[in-house]
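Participant: As input, take entry_23.pdb (PDB, C-alpha atoms):
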ATOM      1  CA  MET A   1      30.913-106.883 -39.974
ATOM      2  CA  LYS A   2      29.387-104.463 -42.484
ATOM      3  CA  ASN A   3      31.012-104.278 -45.914
ATOM      4  CA  PRO A   4      33.028-100.988 -45.871
ATOM      5  CA  TYR A   5      32.073-100.401 -49.495
ATOM      6  CA  TRP A   6      28.558 -99.486 -48.348
ATOM      7  CA  HIS A   7      29.624 -96.715 -45.987
ATOM      8  CA  GLU A   8      27.284 -93.775 -46.613
ATOM      9  CA  TYR A   9      29.910 -91.025 -46.420
ATOM     10  CA  ILE A  10      31.947 -89.766 -49.384
ATOM     11  CA  LYS A  11      35.494 -91.123 -49.647
ATOM     12  CA  PRO A  12      37.660 -88.602 -51.550
ATOM     13  CA  HIS A  13      41.433 -88.873 -51.879
ATOM     14  CA  VAL A  14      43.193 -87.981 -48.642
ATOM     15  CA  ILE A  15      45.544 -84.987 -48.902
ATOM     16  CA  ASN A  16      48.257 -85.076 -46.238
ATOM     17  CA  PHE A  17      49.161 -81.414 -45.765
ATOM     18  CA  ASP A  18      52.291 -82.234 -43.769
ATOM     19  CA  GLU A  19      53.551 -84.103 -46.831
ATOM     20  CA  VAL A  20      52.673 -81.118 -49.025
ATOM     21  CA  ARG A  21      54.679 -78.822 -46.748
ATOM     22  CA  ASP A  22      57.611 -81.263 -46.701
ATOM     23  CA  LEU A  23      57.602 -81.497 -50.501
ATOM     24  CA  CYS A  24      57.621 -77.702 -50.740
ATOM     25  CA  ILE A  25      60.676 -77.575 -48.480
ATOM     26  CA  GLU A  26      62.359 -80.295 -50.547
ATOM     27  CA  ALA A  27      61.830 -78.356 -53.777
ATOM     28  CA  TYR A  28      62.924 -75.086 -52.172
ATOM     29  CA  SER A  29      66.032 -76.740 -50.681
ATOM     30  CA  VAL A  30      67.160 -77.944 -54.108
ATOM     31  CA  ILE A  31      66.838 -74.434 -55.549
ATOM     32  CA  ALA A  32      68.465 -72.762 -52.535
ATOM     33  CA  ALA A  33      71.408 -75.179 -52.508
ATOM     34  CA  SER A  34      71.914 -74.757 -56.253
ATOM     35  CA  ARG A  35      71.637 -70.964 -56.042
ATOM     36  CA  SER A  36      74.254 -70.871 -53.268
ATOM     37  CA  MET A  37      76.862 -72.157 -55.724
ATOM     38  CA  ALA A  38      76.067 -69.737 -58.547
ATOM     39  CA  GLY A  39      79.106 -67.666 -59.501
ATOM     40  CA  LEU A  40      81.583 -69.582 -57.341
ATOM     41  CA  PRO A  41      85.020 -70.098 -58.909
ATOM     42  CA  GLY A  42      85.605 -73.593 -60.241
ATOM     43  CA  GLU A  43      88.180 -74.380 -57.555
ATOM     44  CA  ASP A  44      85.557 -73.758 -54.848
ATOM     45  CA  VAL A  45      83.134 -76.408 -56.109
ATOM     46  CA  GLY A  46      83.522 -80.045 -56.903
ATOM     47  CA  GLY A  47      84.090 -83.289 -55.096
ATOM     48  CA  SER A  48      81.651 -86.128 -54.515
ATOM     49  CA  LEU A  49      78.995 -84.072 -52.676
ATOM     50  CA  HIS A  50      78.659 -81.360 -55.321
ATOM     51  CA  GLU A  51      78.885 -83.838 -58.191
ATOM     52  CA  TYR A  52      76.090 -85.974 -56.751
ATOM     53  CA  PHE A  53      73.988 -82.886 -56.092
ATOM     54  CA  TRP A  54      74.301 -81.685 -59.691
ATOM     55  CA  LEU A  55      73.596 -85.210 -60.932
ATOM     56  CA  THR A  56      70.296 -85.474 -59.030
ATOM     57  CA  ALA A  57      69.128 -81.869 -58.450
ATOM     58  CA  GLU A  58      66.885 -81.451 -61.501
ATOM     59  CA  GLU A  59      65.286 -84.866 -61.006
ATOM     60  CA  ARG A  60      64.586 -84.118 -57.334
ATOM     61  CA  LEU A  61      63.065 -80.736 -58.158
ATOM     62  CA  SER A  62      60.931 -82.148 -60.976
ATOM     63  CA  ARG A  63      59.682 -85.026 -58.823
ATOM     64  CA  ALA A  64      58.793 -82.748 -55.907
ATOM     65  CA  LEU A  65      56.951 -80.275 -58.164
ATOM     66  CA  LEU A  66      54.967 -83.077 -59.798
ATOM     67  CA  ASP A  67      53.983 -84.599 -56.434
ATOM     68  CA  ILE A  68      52.904 -81.185 -55.151
ATOM     69  CA  ALA A  69      50.945 -80.284 -58.296
ATOM     70  CA  VAL A  70      49.009 -83.551 -58.333
ATOM     71  CA  ARG A  71      48.037 -83.142 -54.676
ATOM     72  CA  MET A  72      47.058 -79.476 -54.949
ATOM     73  CA  ARG A  73      45.097 -80.009 -58.162
ATOM     74  CA  THR A  74      43.292 -82.953 -56.544
ATOM     75  CA  LEU A  75      42.557 -80.816 -53.484
ATOM     76  CA  GLU A  76      40.876 -78.225 -55.705
ATOM     77  CA  ASP A  77      38.654 -80.900 -57.246
ATOM     78  CA  ILE A  78      37.716 -82.222 -53.796
ATOM     79  CA  LEU A  79      36.869 -78.771 -52.466
ATOM     80  CA  SER A  80      34.939 -77.832 -55.631
ATOM     81  CA  SER A  81      32.278 -80.385 -54.704
ATOM     82  CA  SER A  82      32.199 -79.480 -51.015
ATOM     83  CA  GLY A  83      30.954 -76.653 -48.840
ATOM     84  CA  LYS A  84      34.461 -75.137 -48.851
ATOM     85  CA  ARG A  85      34.485 -74.305 -52.555
ATOM     86  CA  ALA A  86      33.939 -70.568 -52.064
ATOM     87  CA  ASP A  87      36.454 -70.475 -49.217
ATOM     88  CA  TYR A  88      39.100 -72.043 -51.463
ATOM     89  CA  HIS A  89      38.505 -69.712 -54.409
ATOM     90  CA  ASP A  90      38.498 -66.657 -52.126
ATOM     91  CA  LEU A  91      41.805 -67.791 -50.637
ATOM     92  CA  ILE A  92      43.439 -68.324 -54.046
ATOM     93  CA  SER A  93      42.242 -64.922 -55.266
ATOM     94  CA  GLN A  94      43.871 -63.331 -52.207
ATOM     95  CA  LEU A  95      47.136 -65.237 -52.602
ATOM     96  CA  VAL A  96      47.727 -65.026 -56.363
ATOM     97  CA  GLU A  97      47.640 -61.826 -58.420
ATOM     98  CA  ASP A  98      48.183 -61.388 -62.163
ATOM     99  CA  ASP A  99      51.549 -62.913 -63.157
ATOM    100  CA  GLN A 100      52.778 -63.478 -59.606
ATOM    101  CA  ILE A 101      53.370 -67.202 -60.196
ATOM    102  CA  GLY A 102      54.457 -66.859 -63.807
ATOM    103  CA  SER A 103      53.185 -66.497 -67.349
ATOM    104  CA  LEU A 104      51.716 -68.649 -70.098
ATOM    105  CA  GLY A 105      52.316 -68.247 -73.812
ATOM    106  CA  TRP A 106      51.384 -70.153 -76.980
ATOM    107  CA  LYS A 107      53.874 -70.828 -79.770
ATOM    108  CA  ASP A 108      51.266 -69.931 -82.398
ATOM    109  CA  GLY A 109      50.469 -66.613 -80.707
ATOM    110  CA  LYS A 110      52.038 -63.228 -81.262
ATOM    111  CA  VAL A 111      55.641 -62.858 -80.120
ATOM    112  CA  GLY A 112      55.661 -61.484 -76.588
ATOM    113  CA  GLU A 113      51.929 -62.138 -76.089
ATOM    114  CA  ARG A 114      51.608 -63.850 -72.719
ATOM    115  CA  SER A 115      49.022 -64.104 -69.942
ATOM    116  CA  GLY A 116      49.363 -64.416 -66.192
ATOM    117  CA  LEU A 117      49.568 -67.959 -64.850
ATOM    118  CA  SER A 118      46.802 -68.931 -62.416
ATOM    119  CA  PHE A 119      47.421 -71.384 -59.595
ATOM    120  CA  ARG A 120      45.206 -73.974 -61.283
ATOM    121  CA  GLU A 121      47.073 -73.526 -64.583
ATOM    122  CA  ALA A 122      50.420 -73.839 -62.806
ATOM    123  CA  CYS A 123      49.412 -77.209 -61.353
ATOM    124  CA  ASN A 124      48.030 -78.407 -64.692
ATOM    125  CA  LYS A 125      51.095 -77.327 -66.651
ATOM    126  CA  ILE A 126      53.480 -78.999 -64.200
ATOM    127  CA  ILE A 127      51.500 -82.241 -64.526
ATOM    128  CA  HIS A 128      51.341 -82.125 -68.343
ATOM    129  CA  ALA A 129      54.782 -80.659 -69.087
ATOM    130  CA  GLU A 130      56.850 -82.558 -71.626
ATOM    131  CA  ASP A 131      60.005 -80.594 -70.791
ATOM    132  CA  VAL A 132      60.841 -79.246 -67.307
ATOM    133  CA  ARG A 133      63.829 -76.930 -67.590
ATOM    134  CA  PRO A 134      65.201 -74.987 -64.574
ATOM    135  CA  ILE A 135      66.795 -71.636 -65.414
ATOM    136  CA  TYR A 136      70.409 -71.086 -64.350
ATOM    137  CA  ASP A 137      72.576 -68.096 -63.550
ATOM    138  CA  ASN A 138      76.268 -67.726 -62.713
ATOM    139  CA  GLY A 139      76.307 -64.136 -61.635
ATOM    140  CA  SER A 140      78.217 -61.801 -63.918
ATOM    141  CA  ASN A 141      80.301 -64.644 -65.325
ATOM    142  CA  ALA A 142      78.053 -65.709 -68.203
ATOM    143  CA  GLY A 143      79.981 -67.597 -70.844
ATOM    144  CA  ASP A 144      82.898 -68.285 -68.505
ATOM    145  CA  GLU A 145      83.142 -72.019 -67.802
ATOM    146  CA  ASP A 146      85.402 -71.427 -64.791
ATOM    147  CA  PHE A 147      82.412 -70.379 -62.666
ATOM    148  CA  ALA A 148      79.556 -72.523 -61.354
ATOM    149  CA  TRP A 149      75.953 -72.182 -62.493
ATOM    150  CA  GLY A 150      73.067 -72.284 -60.031
ATOM    151  CA  MET A 151      69.278 -72.348 -60.387
ATOM    152  CA  ASP A 152      67.747 -68.884 -60.180
ATOM    153  CA  GLY A 153      64.322 -70.101 -58.967
ATOM    154  CA  SER A 154      62.541 -70.024 -62.338
ATOM    155  CA  VAL A 155      61.462 -73.035 -64.370
ATOM    156  CA  GLU A 156      60.459 -73.219 -68.018
ATOM    157  CA  LEU A 157      57.721 -75.770 -68.766
ATOM    158  CA  LEU A 158      57.011 -76.847 -72.349
ATOM    159  CA  GLY A 159      54.128 -78.941 -73.593
ATOM    160  CA  SER A 160      51.205 -79.117 -75.981
ATOM    161  CA  LEU A 161      47.425 -79.113 -75.965
ATOM    162  CA  GLY A 162      46.200 -80.823 -79.095
ATOM    163  CA  LYS A 163      48.273 -79.314 -81.896
ATOM    164  CA  ARG A 164      49.038 -76.125 -79.950
ATOM    165  CA  GLU A 165      52.371 -75.831 -78.184
ATOM    166  CA  TRP A 166      52.541 -73.851 -74.944
ATOM    167  CA  GLU A 167      55.364 -72.422 -72.882
ATOM    168  CA  VAL A 168      55.219 -71.508 -69.196
ATOM    169  CA  TRP A 169      57.684 -69.475 -67.172
ATOM    170  CA  MET A 170      57.053 -70.189 -63.496
ATOM    171  CA  PHE A 171      58.521 -68.642 -60.357
ATOM    172  CA  VAL A 172      58.915 -71.753 -58.246
ATOM    173  CA  GLU A 173      59.205 -70.059 -54.865
ATOM    174  CA  GLU A 174      55.975 -68.103 -55.433
ATOM    175  CA  PHE A 175      54.231 -71.345 -56.381
ATOM    176  CA  LEU A 176      55.589 -73.138 -53.313
ATOM    177  CA  SER A 177      54.609 -70.273 -51.011
ATOM    178  CA  THR A 178      51.039 -70.448 -52.320
ATOM    179  CA  CYS A 179      50.962 -74.209 -51.705
ATOM    180  CA  ILE A 180      52.153 -73.734 -48.122
ATOM    181  CA  ASP A 181      49.573 -70.998 -47.539
ATOM    182  CA  VAL A 182      46.793 -73.261 -48.828
ATOM    183  CA  ALA A 183      48.014 -76.141 -46.670
ATOM    184  CA  ASN A 184      48.186 -73.914 -43.589
ATOM    185  CA  HIS A 185      44.704 -72.535 -44.256
ATOM    186  CA  PHE A 186      42.977 -75.905 -44.428
ATOM    187  CA  ASP A 187      45.268 -77.657 -41.952
ATOM    188  CA  PRO A 188      46.645 -75.050 -39.511
ATOM    189  CA  LEU A 189      49.957 -75.889 -37.889
ATOM    190  CA  PRO A 190      49.730 -76.752 -34.182
ATOM    191  CA  PRO A 191      50.703 -73.826 -31.900
ATOM    192  CA  GLN A 192      54.151 -75.247 -31.086
ATOM    193  CA  ASP A 193      55.023 -75.359 -34.798
ATOM    194  CA  ARG A 194      53.994 -71.792 -35.611
ATOM    195  CA  ALA A 195      56.443 -68.927 -35.769
ATOM    196  CA  GLU A 196      56.402 -66.590 -32.765
ATOM    197  CA  GLY A 197      53.657 -64.011 -33.134
ATOM    198  CA  GLU A 198      52.066 -65.758 -36.139
ATOM    199  CA  PRO A 199      48.265 -65.740 -35.767
ATOM    200  CA  GLN A 200      46.241 -68.932 -35.696
ATOM    201  CA  GLU A 201      44.175 -69.466 -38.852
ATOM    202  CA  GLU A 202      40.469 -70.015 -38.264
ATOM    203  CA  ILE A 203      38.469 -72.157 -40.657
TER
END
I'd like the structure from this file rewritten - as structure tokens, please.

Facilitator:
Amino acid sequence: MKNPYWHEYIKPHVINFDEVRDLCIEAYSVIAASRSMAGLPGEDVGGSLHEYFWLTAEERLSRALLDIAVRMRTLEDILSSSGKRADYHDLISQLVEDDQIGSLGWKDGKVGERSGLSFREACNKIIHAEDVRPIYDNGSNAGDEDFAWGMDGSVELLGSLGKREWEVWMFVEEFLSTCIDVANHFDPLPPQDRAEGEPQEEI
């Protein structure tokens, strides 16, 4: 038997796109479930189910985002050294415009001076964030503790690069949608799993 080490083909990391899609749904489900409780009167929430959800929701969201970001950032590196590099960059440029995913600012910059967050930057900032802080809303009941708070779909990421501190505001659902679109482009869903009337992607 030949030593597998000497195989002539390249052996990059394997990206399982079904797992990427599942992780996107997991992250979205946490946000959607949390948002559904925003603004509810205190007597309408509580009990073991809600308490366990609130106890684990941020951890589940953070873990899913990190898993997704590592995979998508790795995918970009793999494709950058392959014949699909241009295809990938063309796809990202079509999917992400300006500050669609979010914005990036530096603590030592001018107040209010921010730039649009690219897909690559979003992945990098998720991976290197020192503080992952979902944003909450409770409808028109701000300051009233008798109403439940729910995630609004935005996340603040804080970290540093050298001695410079950065701050990212990211729209999670836009980020997740981009990830799903990338996954579907490079690994199209089988016909039975596609929505009715949705065209088949050709690679």

Participant: Please enumerate the residues selected by the PyMOL selection byres ((chain A and resi 161) around 12) when evaluated against the supplied file, formatted as a ChimeraX atom specification.

Facilitator: /A:106-108,124-125,128-130,158-160,162-167

Participant: Please indicate the distance in Å from atom CA of A:Ser34 to atom CA of A:Asp181, rounded to one decimal place.

Facilitator: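 If I compute the distance from atom CA of A:Ser34 to atom CA of A:Asp181, I get 24.3 Å.
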
Participant: Would you work out the distance separating atom CA of A:Asn184 from atom CA of A:Leu157, expressed in Å to one decimal?

Facilitator: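 Rounded to one decimal, the two atoms are 27.0 Å apart.
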
Participant: I'd like to see the residues matched by the PyMOL selection byres ((chain A and resi 15) around 9) on this file, and ideally I'd get them as a tab-separated table (two decimals) with C-alpha atoms, in the coordinates of the input.

Facilitator:
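result-v5.tsv, freshly written:
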chain	number	residue	atom	x	y	z
A	13	HIS	CA	41.43	-88.87	-51.88
A	14	VAL	CA	43.19	-87.98	-48.64
A	16	ASN	CA	48.26	-85.08	-46.24
A	17	PHE	CA	49.16	-81.41	-45.76
A	18	ASP	CA	52.29	-82.23	-43.77
A	19	GLU	CA	53.55	-84.10	-46.83
A	20	VAL	CA	52.67	-81.12	-49.02
A	71	ARG	CA	48.04	-83.14	-54.68
A	72	MET	CA	47.06	-79.48	-54.95
A	74	THR	CA	43.29	-82.95	-56.54
A	75	LEU	CA	42.56	-80.82	-53.48

Participant: What does the distance from atom CA of A:Asp67 to atom CA of A:Ile127 come to in Å, to one decimal?

Facilitator: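 Computing it gives 8.8 Å between the two atoms.
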
Participant: Considering all atoms listed in the file, can you say which of A:Ala183, A:Val168, A:Tyr52, A:Leu23 comes closest to A:Leu91?

Facilitator: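 Using all atoms listed in the file, A:Leu91 sits closest to A:Ala183.
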
Participant: Out of A:Ile135, A:Phe147, A:Pro12, A:Leu189, which residue has the shortest atom-to-atom distance to A:Ala38 when counting all atoms listed in the file?

Facilitator: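 Of the candidates, the smallest distance to A:Ala38 is held by A:Phe147.
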
Participant: Would you kindly return, as a VMD selection string, each protein, DNA or RNA residue with an atom no farther than 9 Å from any atom of A:Ser115, considering all atoms listed in the file and excluding same-chain residues fewer than 4 positions away?

Facilitator: chain A and resid 98 to 99 102 to 105

Participant: With all atoms listed in the file as the atoms that count, which of A:Val70, A:Ile92, A:Met37, A:Ile25 lies nearest to A:Ile126?

Facilitator: A:Val70

Participant: When the PyMOL selection byres ((chain A and resi 65) around 8) is applied to the file above, which residues end up in the set, as a ChimeraX atom specification?

Facilitator: /A:23-24,27,61-64,66-69,126

Participant: Which residue, A:Gly83, A:Pro134, A:Pro190, A:Pro4, has the smallest gap to A:Ile31 when you use only C-alpha atoms?

Facilitator: A:Pro134

Participant: Tell me which of A:Gly153, A:Gly47, A:Pro41, A:Pro188 sits closest to A:Val172, counting all atoms listed in the file.

Facilitator: A:Gly153

Participant: May I ask which of the residues A:Met151, A:Cys123, A:Ser140, A:Val182 is the closest one to A:Trp54, counting all atoms listed in the file?

Facilitator: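 Looking only at the distances to A:Trp54, the closest residue turns out to be A:Met151.
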
Participant: Adding 8 Å on each side of the box along x, y and z that holds all listed atoms of stretch 91-100 of chain A, could you give its centre and edge lengths in Å to one decimal, as AutoDock Vina command-line options?

Facilitator:
--center_x 47.3 --center_y -64.9 --center_z -56.9 --size_x 27.0 --size_y 22.9 --size_z 28.5

Participant: Which residues are near A:Ser36? Cut-off 12 Å, all atoms listed in the file, ignore same chain within fewer than 4 positions. Put them as an MDAnalysis selection string.

Facilitator: chainID A and resid 29:32 40 44:45 50 136:139 148:153
